[in-house]
>>> print(open('work-v6.cif').read())   # mmCIF, N, CA and C atoms
data_query
loop_
_atom_site.group_PDB
_atom_site.id
_atom_site.type_symbol
_atom_site.label_atom_id
_atom_site.label_comp_id
_atom_site.auth_asym_id
_atom_site.auth_seq_id
_atom_site.Cartn_x
_atom_site.Cartn_y
_atom_site.Cartn_z
ATOM 1 N N MET L 14 97.658 113.016 96.474
ATOM 2 C CA MET L 14 97.143 111.876 97.208
ATOM 3 C C MET L 14 95.804 111.412 96.639
ATOM 4 N N ASN L 15 95.147 112.255 95.875
ATOM 5 C CA ASN L 15 93.846 111.881 95.325
ATOM 6 C C ASN L 15 93.930 110.697 94.374
ATOM 7 N N ASP L 16 95.121 110.442 93.823
ATOM 8 C CA ASP L 16 95.255 109.341 92.893
ATOM 9 C C ASP L 16 95.555 108.017 93.599
ATOM 10 N N LEU L 17 95.738 108.058 94.918
ATOM 11 C CA LEU L 17 95.993 106.836 95.690
ATOM 12 C C LEU L 17 94.683 106.169 96.084
ATOM 13 N N LYS L 18 94.741 104.877 96.251
ATOM 14 C CA LYS L 18 93.593 104.101 96.724
ATOM 15 C C LYS L 18 93.519 104.207 98.247
ATOM 16 N N THR L 19 92.347 103.926 98.787
ATOM 17 C CA THR L 19 92.144 103.995 100.231
ATOM 18 C C THR L 19 93.173 103.153 100.977
ATOM 19 N N TYR L 20 93.379 101.919 100.538
ATOM 20 C CA TYR L 20 94.301 101.042 101.258
ATOM 21 C C TYR L 20 95.732 101.576 101.228
ATOM 22 N N GLU L 21 96.093 102.303 100.174
ATOM 23 C CA GLU L 21 97.434 102.887 100.098
ATOM 24 C C GLU L 21 97.584 104.042 101.089
ATOM 25 N N ILE L 22 96.546 104.831 101.236
ATOM 26 C CA ILE L 22 96.568 105.948 102.187
ATOM 27 C C ILE L 22 96.598 105.410 103.612
ATOM 28 N N VAL L 23 95.844 104.348 103.868
ATOM 29 C CA VAL L 23 95.862 103.720 105.199
ATOM 30 C C VAL L 23 97.260 103.179 105.492
ATOM 31 N N ALA L 24 97.903 102.587 104.513
ATOM 32 C CA ALA L 24 99.261 102.066 104.703
ATOM 33 C C ALA L 24 100.227 103.194 105.058
ATOM 34 N N ILE L 25 100.062 104.343 104.431
ATOM 35 C CA ILE L 25 100.889 105.507 104.762
ATOM 36 C C ILE L 25 100.639 105.925 106.207
ATOM 37 N N ALA L 26 99.372 105.960 106.611
ATOM 38 C CA ALA L 26 99.023 106.344 107.984
ATOM 39 C C ALA L 26 99.620 105.368 108.999
ATOM 40 N N ILE L 27 99.510 104.078 108.725
ATOM 41 C CA ILE L 27 100.075 103.065 109.621
ATOM 42 C C ILE L 27 101.586 103.251 109.724
ATOM 43 N N GLU L 28 102.231 103.507 108.608
ATOM 44 C CA GLU L 28 103.685 103.723 108.602
ATOM 45 C C GLU L 28 104.051 104.945 109.442
ATOM 46 N N GLU L 29 103.253 105.988 109.357
ATOM 47 C CA GLU L 29 103.512 107.207 110.130
ATOM 48 C C GLU L 29 103.405 106.979 111.636
ATOM 49 N N THR L 30 102.607 106.021 112.057
ATOM 50 C CA THR L 30 102.483 105.765 113.499
ATOM 51 C C THR L 30 103.800 105.290 114.094
ATOM 52 N N LYS L 31 104.715 104.821 113.271
ATOM 53 C CA LYS L 31 106.031 104.396 113.760
ATOM 54 C C LYS L 31 106.850 105.581 114.258
ATOM 55 N N ASN L 32 106.470 106.784 113.858
ATOM 56 C CA ASN L 32 107.164 107.992 114.302
ATOM 57 C C ASN L 32 106.637 108.518 115.625
ATOM 58 N N LEU L 33 105.587 107.919 116.133
ATOM 59 C CA LEU L 33 105.005 108.340 117.410
ATOM 60 C C LEU L 33 105.705 107.631 118.561
ATOM 61 N N VAL L 34 105.647 108.263 119.718
ATOM 62 C CA VAL L 34 106.196 107.625 120.912
ATOM 63 C C VAL L 34 105.046 107.173 121.795
ATOM 64 N N SER L 35 105.329 106.239 122.651
ATOM 65 C CA SER L 35 104.318 105.692 123.550
ATOM 66 C C SER L 35 103.650 106.820 124.335
ATOM 67 N N GLY L 36 102.329 106.794 124.349
ATOM 68 C CA GLY L 36 101.557 107.802 125.061
ATOM 69 C C GLY L 36 101.021 108.913 124.178
ATOM 70 N N ASP L 37 101.545 109.043 122.964
ATOM 71 C CA ASP L 37 101.044 110.065 122.040
ATOM 72 C C ASP L 37 99.592 109.776 121.689
ATOM 73 N N THR L 38 98.756 110.809 121.722
ATOM 74 C CA THR L 38 97.379 110.678 121.247
ATOM 75 C C THR L 38 97.283 111.409 119.908
ATOM 76 N N PHE L 39 96.417 110.905 119.047
ATOM 77 C CA PHE L 39 96.336 111.459 117.698
ATOM 78 C C PHE L 39 95.028 111.074 117.041
ATOM 79 N N MET L 40 94.729 111.771 115.954
ATOM 80 C CA MET L 40 93.659 111.406 115.041
ATOM 81 C C MET L 40 94.333 111.027 113.731
ATOM 82 N N VAL L 41 93.643 110.309 112.881
ATOM 83 C CA VAL L 41 94.240 109.873 111.620
ATOM 84 C C VAL L 41 94.736 111.074 110.825
ATOM 85 N N LYS L 42 93.984 112.149 110.806
ATOM 86 C CA LYS L 42 94.396 113.326 110.032
ATOM 87 C C LYS L 42 95.715 113.894 110.522
ATOM 88 N N ASP L 43 96.063 113.673 111.784
ATOM 89 C CA ASP L 43 97.332 114.169 112.324
ATOM 90 C C ASP L 43 98.537 113.457 111.719
ATOM 91 N N LEU L 44 98.310 112.323 111.098
ATOM 92 C CA LEU L 44 99.395 111.539 110.521
ATOM 93 C C LEU L 44 99.805 112.047 109.141
ATOM 94 N N PHE L 45 99.125 113.076 108.655
ATOM 95 C CA PHE L 45 99.387 113.644 107.339
ATOM 96 C C PHE L 45 99.666 115.131 107.459
ATOM 97 N N ILE L 46 100.451 115.645 106.529
ATOM 98 C CA ILE L 46 100.624 117.093 106.438
ATOM 99 C C ILE L 46 99.254 117.663 106.096
ATOM 100 N N GLY L 47 98.884 118.741 106.760
ATOM 101 C CA GLY L 47 97.541 119.306 106.632
ATOM 102 C C GLY L 47 96.995 119.406 105.232
ATOM 103 N N TYR L 48 97.784 119.917 104.302
ATOM 104 C CA TYR L 48 97.258 120.114 102.951
ATOM 105 C C TYR L 48 96.993 118.784 102.254
ATOM 106 N N LYS L 49 97.751 117.744 102.601
ATOM 107 C CA LYS L 49 97.515 116.437 101.972
ATOM 108 C C LYS L 49 96.178 115.862 102.431
ATOM 109 N N TRP L 50 95.895 115.960 103.716
ATOM 110 C CA TRP L 50 94.633 115.451 104.249
ATOM 111 C C TRP L 50 93.462 116.235 103.682
ATOM 112 N N LYS L 51 93.603 117.552 103.609
ATOM 113 C CA LYS L 51 92.508 118.407 103.141
ATOM 114 C C LYS L 51 92.193 118.214 101.663
ATOM 115 N N LYS L 52 93.157 117.714 100.900
ATOM 116 C CA LYS L 52 92.907 117.467 99.472
ATOM 117 C C LYS L 52 92.050 116.232 99.239
ATOM 118 N N LEU L 53 91.949 115.373 100.244
ATOM 119 C CA LEU L 53 91.098 114.183 100.114
ATOM 120 C C LEU L 53 89.639 114.600 100.232
ATOM 121 N N SER L 54 88.796 113.953 99.490
ATOM 122 C CA SER L 54 87.368 114.248 99.586
ATOM 123 C C SER L 54 86.860 113.797 100.960
ATOM 124 N N PRO L 55 85.780 114.389 101.438
ATOM 125 C CA PRO L 55 85.218 113.951 102.717
ATOM 126 C C PRO L 55 84.902 112.451 102.734
ATOM 127 N N THR L 56 84.430 111.925 101.624
ATOM 128 C CA THR L 56 84.131 110.496 101.548
ATOM 129 C C THR L 56 85.403 109.671 101.707
ATOM 130 N N MET L 57 86.473 110.088 101.048
ATOM 131 C CA MET L 57 87.747 109.367 101.141
ATOM 132 C C MET L 57 88.294 109.452 102.567
ATOM 133 N N ARG L 58 88.180 110.615 103.201
ATOM 134 C CA ARG L 58 88.666 110.758 104.584
ATOM 135 C C ARG L 58 87.915 109.803 105.513
ATOM 136 N N LYS L 59 86.603 109.699 105.325
ATOM 137 C CA LYS L 59 85.816 108.757 106.133
ATOM 138 C C LYS L 59 86.252 107.320 105.892
ATOM 139 N N ASP L 60 86.451 106.976 104.638
ATOM 140 C CA ASP L 60 86.880 105.614 104.290
ATOM 141 C C ASP L 60 88.248 105.299 104.892
ATOM 142 N N VAL L 61 89.160 106.247 104.812
ATOM 143 C CA VAL L 61 90.492 106.049 105.386
ATOM 144 C C VAL L 61 90.384 105.868 106.896
ATOM 145 N N GLY L 62 89.589 106.706 107.546
ATOM 146 C CA GLY L 62 89.409 106.582 108.988
ATOM 147 C C GLY L 62 88.830 105.235 109.388
ATOM 148 N N ARG L 63 87.857 104.790 108.655
ATOM 149 C CA ARG L 63 87.215 103.506 108.940
ATOM 150 C C ARG L 63 88.201 102.349 108.740
ATOM 151 N N GLN L 64 88.922 102.374 107.634
ATOM 152 C CA GLN L 64 89.886 101.307 107.355
ATOM 153 C C GLN L 64 91.049 101.320 108.340
ATOM 154 N N PHE L 65 91.466 102.505 108.781
ATOM 155 C CA PHE L 65 92.518 102.605 109.788
ATOM 156 C C PHE L 65 92.062 101.912 111.071
ATOM 157 N N LEU L 66 90.830 102.182 111.487
ATOM 158 C CA LEU L 66 90.285 101.542 112.687
ATOM 159 C C LEU L 66 90.266 100.029 112.532
ATOM 160 N N PHE L 67 89.825 99.533 111.394
ATOM 161 C CA PHE L 67 89.808 98.088 111.149
ATOM 162 C C PHE L 67 91.206 97.494 111.266
ATOM 163 N N LYS L 68 92.200 98.188 110.723
ATOM 164 C CA LYS L 68 93.582 97.684 110.759
ATOM 165 C C LYS L 68 94.121 97.611 112.177
ATOM 166 N N ILE L 69 93.890 98.656 112.970
ATOM 167 C CA ILE L 69 94.450 98.611 114.327
ATOM 168 C C ILE L 69 93.742 97.571 115.191
ATOM 169 N N GLU L 70 92.481 97.306 114.893
ATOM 170 C CA GLU L 70 91.776 96.256 115.631
ATOM 171 C C GLU L 70 92.230 94.870 115.184
ATOM 172 N N GLU L 71 92.577 94.739 113.920
ATOM 173 C CA GLU L 71 93.023 93.455 113.385
ATOM 174 C C GLU L 71 94.468 93.143 113.794
ATOM 175 N N PHE L 72 95.311 94.158 113.775
ATOM 176 C CA PHE L 72 96.733 93.960 114.050
ATOM 177 C C PHE L 72 97.098 94.605 115.386
ATOM 178 N N LYS L 73 96.918 93.855 116.451
ATOM 179 C CA LYS L 73 97.186 94.354 117.807
ATOM 180 C C LYS L 73 98.651 94.726 118.003
ATOM 181 N N ASN L 74 99.545 94.115 117.207
ATOM 182 C CA ASN L 74 100.969 94.386 117.347
ATOM 183 C C ASN L 74 101.346 95.811 116.922
ATOM 184 N N LEU L 75 100.408 96.556 116.354
ATOM 185 C CA LEU L 75 100.669 97.955 116.026
ATOM 186 C C LEU L 75 100.690 98.814 117.287
ATOM 187 N N ASN L 76 100.157 98.267 118.381
ATOM 188 C CA ASN L 76 100.145 98.959 119.683
ATOM 189 C C ASN L 76 99.457 100.313 119.618
ATOM 190 N N ILE L 77 98.313 100.328 118.968
ATOM 191 C CA ILE L 77 97.510 101.543 118.889
ATOM 192 C C ILE L 77 96.164 101.250 119.523
ATOM 193 N N GLU L 78 95.796 102.089 120.446
ATOM 194 C CA GLU L 78 94.555 101.905 121.196
ATOM 195 C C GLU L 78 93.510 102.928 120.753
ATOM 196 N N LYS L 79 92.309 102.452 120.526
ATOM 197 C CA LYS L 79 91.189 103.340 120.191
ATOM 198 C C LYS L 79 90.695 103.959 121.487
ATOM 199 N N LEU L 80 90.593 105.280 121.516
ATOM 200 C CA LEU L 80 90.043 105.986 122.668
ATOM 201 C C LEU L 80 88.638 106.462 122.323
ATOM 202 N N GLU L 81 88.237 107.591 122.866
ATOM 203 C CA GLU L 81 86.910 108.130 122.601
ATOM 204 C C GLU L 81 86.924 108.963 121.328
ATOM 205 N N LYS L 82 85.743 109.430 120.941
ATOM 206 C CA LYS L 82 85.636 110.369 119.826
ATOM 207 C C LYS L 82 85.565 111.775 120.404
ATOM 208 N N ASN L 83 86.030 112.748 119.634
ATOM 209 C CA ASN L 83 85.953 114.130 120.092
ATOM 210 C C ASN L 83 84.577 114.720 119.763
ATOM 211 N N ALA L 84 84.402 115.993 120.055
ATOM 212 C CA ALA L 84 83.106 116.652 119.842
ATOM 213 C C ALA L 84 82.696 116.661 118.369
ATOM 214 N N ALA L 85 83.678 116.592 117.475
ATOM 215 C CA ALA L 85 83.395 116.572 116.033
ATOM 216 C C ALA L 85 83.216 115.150 115.515
ATOM 217 N N SER L 86 83.098 114.196 116.422
ATOM 218 C CA SER L 86 82.900 112.782 116.100
ATOM 219 C C SER L 86 84.095 112.168 115.366
ATOM 220 N N GLN L 87 85.297 112.681 115.657
ATOM 221 C CA GLN L 87 86.528 112.135 115.087
ATOM 222 C C GLN L 87 87.156 111.200 116.111
ATOM 223 N N GLN L 88 87.554 110.027 115.656
ATOM 224 C CA GLN L 88 88.130 109.014 116.538
ATOM 225 C C GLN L 88 89.526 109.437 116.998
ATOM 226 N N ILE L 89 89.777 109.270 118.289
ATOM 227 C CA ILE L 89 91.080 109.566 118.873
ATOM 228 C C ILE L 89 91.753 108.244 119.225
ATOM 229 N N TYR L 90 93.057 108.193 119.005
ATOM 230 C CA TYR L 90 93.851 106.989 119.250
ATOM 231 C C TYR L 90 95.020 107.336 120.158
ATOM 232 N N ARG L 91 95.608 106.294 120.747
ATOM 233 C CA ARG L 91 96.827 106.456 121.546
ATOM 234 C C ARG L 91 97.821 105.378 121.142
ATOM 235 N N LYS L 92 99.067 105.796 120.979
ATOM 236 C CA LYS L 92 100.154 104.839 120.711
ATOM 237 C C LYS L 92 100.595 104.290 122.065
ATOM 238 N N ASN L 93 100.619 102.965 122.184
ATOM 239 C CA ASN L 93 101.042 102.333 123.438
ATOM 240 C C ASN L 93 102.480 101.878 123.354
#
>>> encode(input="work-v6.cif", output="structure tokens")
Amino acid sequence: MNDLKTYEIVAIAIEETKNLVSGDTFMVKDLFIGYKWKKLSPTMRKDVGRQFLFKIEEFKNLNIEKLEKNAASQQIYRKN
């Protein structure tokens, strides 16, 4: 995944949200197999998280709601 661009990783994350059911809560990292997310640099993970938030705010038809952040300052979302 390190060879992918930020927008490509965000597109993968958005696609994965289609596998969620209404009411599921998640963080962006939950949309990836653990080892794939961990291979991304911390900077890339932040960029992906930020761009994911921008996309869900821009495209309301994705039916993803931004909730609060957890104790580790990670954004939590809910599929509506």
>>> resolve_selection(input="work-v6.cif", expression="the PyMOL selection byres ((chain L and resi 43-60) around 7)", output="ChimeraX atom specification")
/L:14-15,19,25-26,29-30,39-42,61-65
>>> select_by_dssp(input="work-v6.cif", residues="range 17-78 of chain L", states="helix (DSSP H, G or I)", output="PDB file with N, CA and C atoms, in the coordinates of the input")
ATOM      1  N   THR L  19      92.347 103.926  98.787  1.00  0.00           N
ATOM      2  CA  THR L  19      92.144 103.995 100.231  1.00  0.00           C
ATOM      3  C   THR L  19      93.173 103.153 100.977  1.00  0.00           C
ATOM      4  N   TYR L  20      93.379 101.919 100.538  1.00  0.00           N
ATOM      5  CA  TYR L  20      94.301 101.042 101.258  1.00  0.00           C
ATOM      6  C   TYR L  20      95.732 101.576 101.228  1.00  0.00           C
ATOM      7  N   GLU L  21      96.093 102.303 100.174  1.00  0.00           N
ATOM      8  CA  GLU L  21      97.434 102.887 100.098  1.00  0.00           C
ATOM      9  C   GLU L  21      97.584 104.042 101.089  1.00  0.00           C
ATOM     10  N   ILE L  22      96.546 104.831 101.236  1.00  0.00           N
ATOM     11  CA  ILE L  22      96.568 105.948 102.187  1.00  0.00           C
ATOM     12  C   ILE L  22      96.598 105.410 103.612  1.00  0.00           C
ATOM     13  N   VAL L  23      95.844 104.348 103.868  1.00  0.00           N
ATOM     14  CA  VAL L  23      95.862 103.720 105.199  1.00  0.00           C
ATOM     15  C   VAL L  23      97.260 103.179 105.492  1.00  0.00           C
ATOM     16  N   ALA L  24      97.903 102.587 104.513  1.00  0.00           N
ATOM     17  CA  ALA L  24      99.261 102.066 104.703  1.00  0.00           C
ATOM     18  C   ALA L  24     100.227 103.194 105.058  1.00  0.00           C
ATOM     19  N   ILE L  25     100.062 104.343 104.431  1.00  0.00           N
ATOM     20  CA  ILE L  25     100.889 105.507 104.762  1.00  0.00           C
ATOM     21  C   ILE L  25     100.639 105.925 106.207  1.00  0.00           C
ATOM     22  N   ALA L  26      99.372 105.960 106.611  1.00  0.00           N
ATOM     23  CA  ALA L  26      99.023 106.344 107.984  1.00  0.00           C
ATOM     24  C   ALA L  26      99.620 105.368 108.999  1.00  0.00           C
ATOM     25  N   ILE L  27      99.510 104.078 108.725  1.00  0.00           N
ATOM     26  CA  ILE L  27     100.075 103.065 109.621  1.00  0.00           C
ATOM     27  C   ILE L  27     101.586 103.251 109.724  1.00  0.00           C
ATOM     28  N   GLU L  28     102.231 103.507 108.608  1.00  0.00           N
ATOM     29  CA  GLU L  28     103.685 103.723 108.602  1.00  0.00           C
ATOM     30  C   GLU L  28     104.051 104.945 109.442  1.00  0.00           C
ATOM     31  N   GLU L  29     103.253 105.988 109.357  1.00  0.00           N
ATOM     32  CA  GLU L  29     103.512 107.207 110.130  1.00  0.00           C
ATOM     33  C   GLU L  29     103.405 106.979 111.636  1.00  0.00           C
ATOM     34  N   THR L  30     102.607 106.021 112.057  1.00  0.00           N
ATOM     35  CA  THR L  30     102.483 105.765 113.499  1.00  0.00           C
ATOM     36  C   THR L  30     103.800 105.290 114.094  1.00  0.00           C
ATOM     37  N   LYS L  31     104.715 104.821 113.271  1.00  0.00           N
ATOM     38  CA  LYS L  31     106.031 104.396 113.760  1.00  0.00           C
ATOM     39  C   LYS L  31     106.850 105.581 114.258  1.00  0.00           C
ATOM     40  N   ASN L  32     106.470 106.784 113.858  1.00  0.00           N
ATOM     41  CA  ASN L  32     107.164 107.992 114.302  1.00  0.00           C
ATOM     42  C   ASN L  32     106.637 108.518 115.625  1.00  0.00           C
ATOM     43  N   VAL L  41      93.643 110.309 112.881  1.00  0.00           N
ATOM     44  CA  VAL L  41      94.240 109.873 111.620  1.00  0.00           C
ATOM     45  C   VAL L  41      94.736 111.074 110.825  1.00  0.00           C
ATOM     46  N   LYS L  42      93.984 112.149 110.806  1.00  0.00           N
ATOM     47  CA  LYS L  42      94.396 113.326 110.032  1.00  0.00           C
ATOM     48  C   LYS L  42      95.715 113.894 110.522  1.00  0.00           C
ATOM     49  N   ASP L  43      96.063 113.673 111.784  1.00  0.00           N
ATOM     50  CA  ASP L  43      97.332 114.169 112.324  1.00  0.00           C
ATOM     51  C   ASP L  43      98.537 113.457 111.719  1.00  0.00           C
ATOM     52  N   LEU L  44      98.310 112.323 111.098  1.00  0.00           N
ATOM     53  CA  LEU L  44      99.395 111.539 110.521  1.00  0.00           C
ATOM     54  C   LEU L  44      99.805 112.047 109.141  1.00  0.00           C
ATOM     55  N   GLY L  47      98.884 118.741 106.760  1.00  0.00           N
ATOM     56  CA  GLY L  47      97.541 119.306 106.632  1.00  0.00           C
ATOM     57  C   GLY L  47      96.995 119.406 105.232  1.00  0.00           C
ATOM     58  N   TYR L  48      97.784 119.917 104.302  1.00  0.00           N
ATOM     59  CA  TYR L  48      97.258 120.114 102.951  1.00  0.00           C
ATOM     60  C   TYR L  48      96.993 118.784 102.254  1.00  0.00           C
ATOM     61  N   LYS L  49      97.751 117.744 102.601  1.00  0.00           N
ATOM     62  CA  LYS L  49      97.515 116.437 101.972  1.00  0.00           C
ATOM     63  C   LYS L  49      96.178 115.862 102.431  1.00  0.00           C
ATOM     64  N   TRP L  50      95.895 115.960 103.716  1.00  0.00           N
ATOM     65  CA  TRP L  50      94.633 115.451 104.249  1.00  0.00           C
ATOM     66  C   TRP L  50      93.462 116.235 103.682  1.00  0.00           C
ATOM     67  N   LYS L  51      93.603 117.552 103.609  1.00  0.00           N
ATOM     68  CA  LYS L  51      92.508 118.407 103.141  1.00  0.00           C
ATOM     69  C   LYS L  51      92.193 118.214 101.663  1.00  0.00           C
ATOM     70  N   LYS L  52      93.157 117.714 100.900  1.00  0.00           N
ATOM     71  CA  LYS L  52      92.907 117.467  99.472  1.00  0.00           C
ATOM     72  C   LYS L  52      92.050 116.232  99.239  1.00  0.00           C
ATOM     73  N   PRO L  55      85.780 114.389 101.438  1.00  0.00           N
ATOM     74  CA  PRO L  55      85.218 113.951 102.717  1.00  0.00           C
ATOM     75  C   PRO L  55      84.902 112.451 102.734  1.00  0.00           C
ATOM     76  N   THR L  56      84.430 111.925 101.624  1.00  0.00           N
ATOM     77  CA  THR L  56      84.131 110.496 101.548  1.00  0.00           C
ATOM     78  C   THR L  56      85.403 109.671 101.707  1.00  0.00           C
ATOM     79  N   MET L  57      86.473 110.088 101.048  1.00  0.00           N
ATOM     80  CA  MET L  57      87.747 109.367 101.141  1.00  0.00           C
ATOM     81  C   MET L  57      88.294 109.452 102.567  1.00  0.00           C
ATOM     82  N   ARG L  58      88.180 110.615 103.201  1.00  0.00           N
ATOM     83  CA  ARG L  58      88.666 110.758 104.584  1.00  0.00           C
ATOM     84  C   ARG L  58      87.915 109.803 105.513  1.00  0.00           C
ATOM     85  N   LYS L  59      86.603 109.699 105.325  1.00  0.00           N
ATOM     86  CA  LYS L  59      85.816 108.757 106.133  1.00  0.00           C
ATOM     87  C   LYS L  59      86.252 107.320 105.892  1.00  0.00           C
ATOM     88  N   ASP L  60      86.451 106.976 104.638  1.00  0.00           N
ATOM     89  CA  ASP L  60      86.880 105.614 104.290  1.00  0.00           C
ATOM     90  C   ASP L  60      88.248 105.299 104.892  1.00  0.00           C
ATOM     91  N   VAL L  61      89.160 106.247 104.812  1.00  0.00           N
ATOM     92  CA  VAL L  61      90.492 106.049 105.386  1.00  0.00           C
ATOM     93  C   VAL L  61      90.384 105.868 106.896  1.00  0.00           C
ATOM     94  N   GLY L  62      89.589 106.706 107.546  1.00  0.00           N
ATOM     95  CA  GLY L  62      89.409 106.582 108.988  1.00  0.00           C
ATOM     96  C   GLY L  62      88.830 105.235 109.388  1.00  0.00           C
ATOM     97  N   ARG L  63      87.857 104.790 108.655  1.00  0.00           N
ATOM     98  CA  ARG L  63      87.215 103.506 108.940  1.00  0.00           C
ATOM     99  C   ARG L  63      88.201 102.349 108.740  1.00  0.00           C
ATOM    100  N   GLN L  64      88.922 102.374 107.634  1.00  0.00           N
ATOM    101  CA  GLN L  64      89.886 101.307 107.355  1.00  0.00           C
ATOM    102  C   GLN L  64      91.049 101.320 108.340  1.00  0.00           C
ATOM    103  N   PHE L  65      91.466 102.505 108.781  1.00  0.00           N
ATOM    104  CA  PHE L  65      92.518 102.605 109.788  1.00  0.00           C
ATOM    105  C   PHE L  65      92.062 101.912 111.071  1.00  0.00           C
ATOM    106  N   LEU L  66      90.830 102.182 111.487  1.00  0.00           N
ATOM    107  CA  LEU L  66      90.285 101.542 112.687  1.00  0.00           C
ATOM    108  C   LEU L  66      90.266 100.029 112.532  1.00  0.00           C
ATOM    109  N   PHE L  67      89.825  99.533 111.394  1.00  0.00           N
ATOM    110  CA  PHE L  67      89.808  98.088 111.149  1.00  0.00           C
ATOM    111  C   PHE L  67      91.206  97.494 111.266  1.00  0.00           C
ATOM    112  N   LYS L  68      92.200  98.188 110.723  1.00  0.00           N
ATOM    113  CA  LYS L  68      93.582  97.684 110.759  1.00  0.00           C
ATOM    114  C   LYS L  68      94.121  97.611 112.177  1.00  0.00           C
ATOM    115  N   ILE L  69      93.890  98.656 112.970  1.00  0.00           N
ATOM    116  CA  ILE L  69      94.450  98.611 114.327  1.00  0.00           C
ATOM    117  C   ILE L  69      93.742  97.571 115.191  1.00  0.00           C
ATOM    118  N   GLU L  70      92.481  97.306 114.893  1.00  0.00           N
ATOM    119  CA  GLU L  70      91.776  96.256 115.631  1.00  0.00           C
ATOM    120  C   GLU L  70      92.230  94.870 115.184  1.00  0.00           C
ATOM    121  N   GLU L  71      92.577  94.739 113.920  1.00  0.00           N
ATOM    122  CA  GLU L  71      93.023  93.455 113.385  1.00  0.00           C
ATOM    123  C   GLU L  71      94.468  93.143 113.794  1.00  0.00           C
ATOM    124  N   LYS L  73      96.918  93.855 116.451  1.00  0.00           N
ATOM    125  CA  LYS L  73      97.186  94.354 117.807  1.00  0.00           C
ATOM    126  C   LYS L  73      98.651  94.726 118.003  1.00  0.00           C
ATOM    127  N   ASN L  74      99.545  94.115 117.207  1.00  0.00           N
ATOM    128  CA  ASN L  74     100.969  94.386 117.347  1.00  0.00           C
ATOM    129  C   ASN L  74     101.346  95.811 116.922  1.00  0.00           C
ATOM    130  N   LEU L  75     100.408  96.556 116.354  1.00  0.00           N
ATOM    131  CA  LEU L  75     100.669  97.955 116.026  1.00  0.00           C
ATOM    132  C   LEU L  75     100.690  98.814 117.287  1.00  0.00           C
TER     133      LEU L  75
END
>>> resolve_selection(input="work-v6.cif", expression="the PyMOL selection byres ((chain L and resi 35) around 6.5)", output="VMD selection string")
chain L and resid 33 to 34 36 to 37 92 to 93
>>> axis_aligned_box(input="work-v6.cif", around="range 67-80 of chain L", padding_each_side="3 Å", output="lines of an AutoDock Vina configuration file")
center_x = 95.0
center_y = 99.8
center_z = 116.7
size_x = 18.7
size_y = 19.3
size_z = 17.9
>>> atom_distance(input="work-v6.cif", atom1="atom C of Phe67 in chain L", atom2="atom C of Asn83 in chain L")
20.3 Å
>>> residues_around(input="work-v6.cif", residues="Thr38 in chain L", least_positions_apart="3", cutoff="7 Å", atoms="only C-alpha atoms", output="compact mmCIF listing (two decimals) with N, CA and C atoms, in the coordinates of the input")
# COMPACT_ATOMS: atom_id res chain seq x y z
N ILE L 89 89.78 109.27 118.29
CA ILE L 89 91.08 109.57 118.87
C ILE L 89 91.75 108.24 119.22
N TYR L 90 93.06 108.19 119.00
CA TYR L 90 93.85 106.99 119.25
C TYR L 90 95.02 107.34 120.16
N ARG L 91 95.61 106.29 120.75
CA ARG L 91 96.83 106.46 121.55
C ARG L 91 97.82 105.38 121.14
N LYS L 92 99.07 105.80 120.98
CA LYS L 92 100.15 104.84 120.71
C LYS L 92 100.60 104.29 122.06
>>> select_by_dssp(input="work-v6.cif", residues="chain L", states="strand (DSSP E or B)", output="PyMOL selection string")
chain L and resi 38-39+77-82+88-92
>>> atom_distance(input="work-v6.cif", atom1="CA of Leu17 in chain L", atom2="atom C of Ala84 in chain L")
28.1 Å
>>> atom_distance(input="work-v6.cif", atom1="atom C of Asn32 in chain L", atom2="CA of Ser86 in chain L")
24.1 Å
>>> build_atoms(input="work-v6.cif", residues="range 85-92 of chain L", atoms="N, CA, C and O atoms", output="PDB file, in the coordinates of the input")
ATOM      1  N   ALA L  85      83.678 116.592 117.475  1.00  0.00           N
ATOM      2  CA  ALA L  85      83.395 116.572 116.033  1.00  0.00           C
ATOM      3  C   ALA L  85      83.216 115.150 115.515  1.00  0.00           C
ATOM      4  O   ALA L  85      83.198 114.918 114.313  1.00  0.00           O
ATOM      5  N   SER L  86      83.098 114.196 116.422  1.00  0.00           N
ATOM      6  CA  SER L  86      82.900 112.782 116.100  1.00  0.00           C
ATOM      7  C   SER L  86      84.095 112.168 115.366  1.00  0.00           C
ATOM      8  O   SER L  86      83.940 111.266 114.564  1.00  0.00           O
ATOM      9  N   GLN L  87      85.297 112.681 115.657  1.00  0.00           N
ATOM     10  CA  GLN L  87      86.528 112.135 115.087  1.00  0.00           C
ATOM     11  C   GLN L  87      87.156 111.200 116.111  1.00  0.00           C
ATOM     12  O   GLN L  87      87.271 111.543 117.291  1.00  0.00           O
ATOM     13  N   GLN L  88      87.554 110.027 115.656  1.00  0.00           N
ATOM     14  CA  GLN L  88      88.130 109.014 116.538  1.00  0.00           C
ATOM     15  C   GLN L  88      89.526 109.437 116.998  1.00  0.00           C
ATOM     16  O   GLN L  88      90.328 109.896 116.214  1.00  0.00           O
ATOM     17  N   ILE L  89      89.777 109.270 118.289  1.00  0.00           N
ATOM     18  CA  ILE L  89      91.080 109.566 118.873  1.00  0.00           C
ATOM     19  C   ILE L  89      91.753 108.244 119.225  1.00  0.00           C
ATOM     20  O   ILE L  89      91.098 107.306 119.686  1.00  0.00           O
ATOM     21  N   TYR L  90      93.057 108.193 119.005  1.00  0.00           N
ATOM     22  CA  TYR L  90      93.851 106.989 119.250  1.00  0.00           C
ATOM     23  C   TYR L  90      95.020 107.336 120.158  1.00  0.00           C
ATOM     24  O   TYR L  90      95.403 108.501 120.286  1.00  0.00           O
ATOM     25  N   ARG L  91      95.608 106.294 120.747  1.00  0.00           N
ATOM     26  CA  ARG L  91      96.827 106.456 121.546  1.00  0.00           C
ATOM     27  C   ARG L  91      97.821 105.378 121.142  1.00  0.00           C
ATOM     28  O   ARG L  91      97.460 104.200 121.023  1.00  0.00           O
ATOM     29  N   LYS L  92      99.067 105.796 120.979  1.00  0.00           N
ATOM     30  CA  LYS L  92     100.154 104.839 120.711  1.00  0.00           C
ATOM     31  C   LYS L  92     100.595 104.290 122.065  1.00  0.00           C
ATOM     32  O   LYS L  92     100.883 105.028 122.987  1.00  0.00           O
TER      33      LYS L  92
END
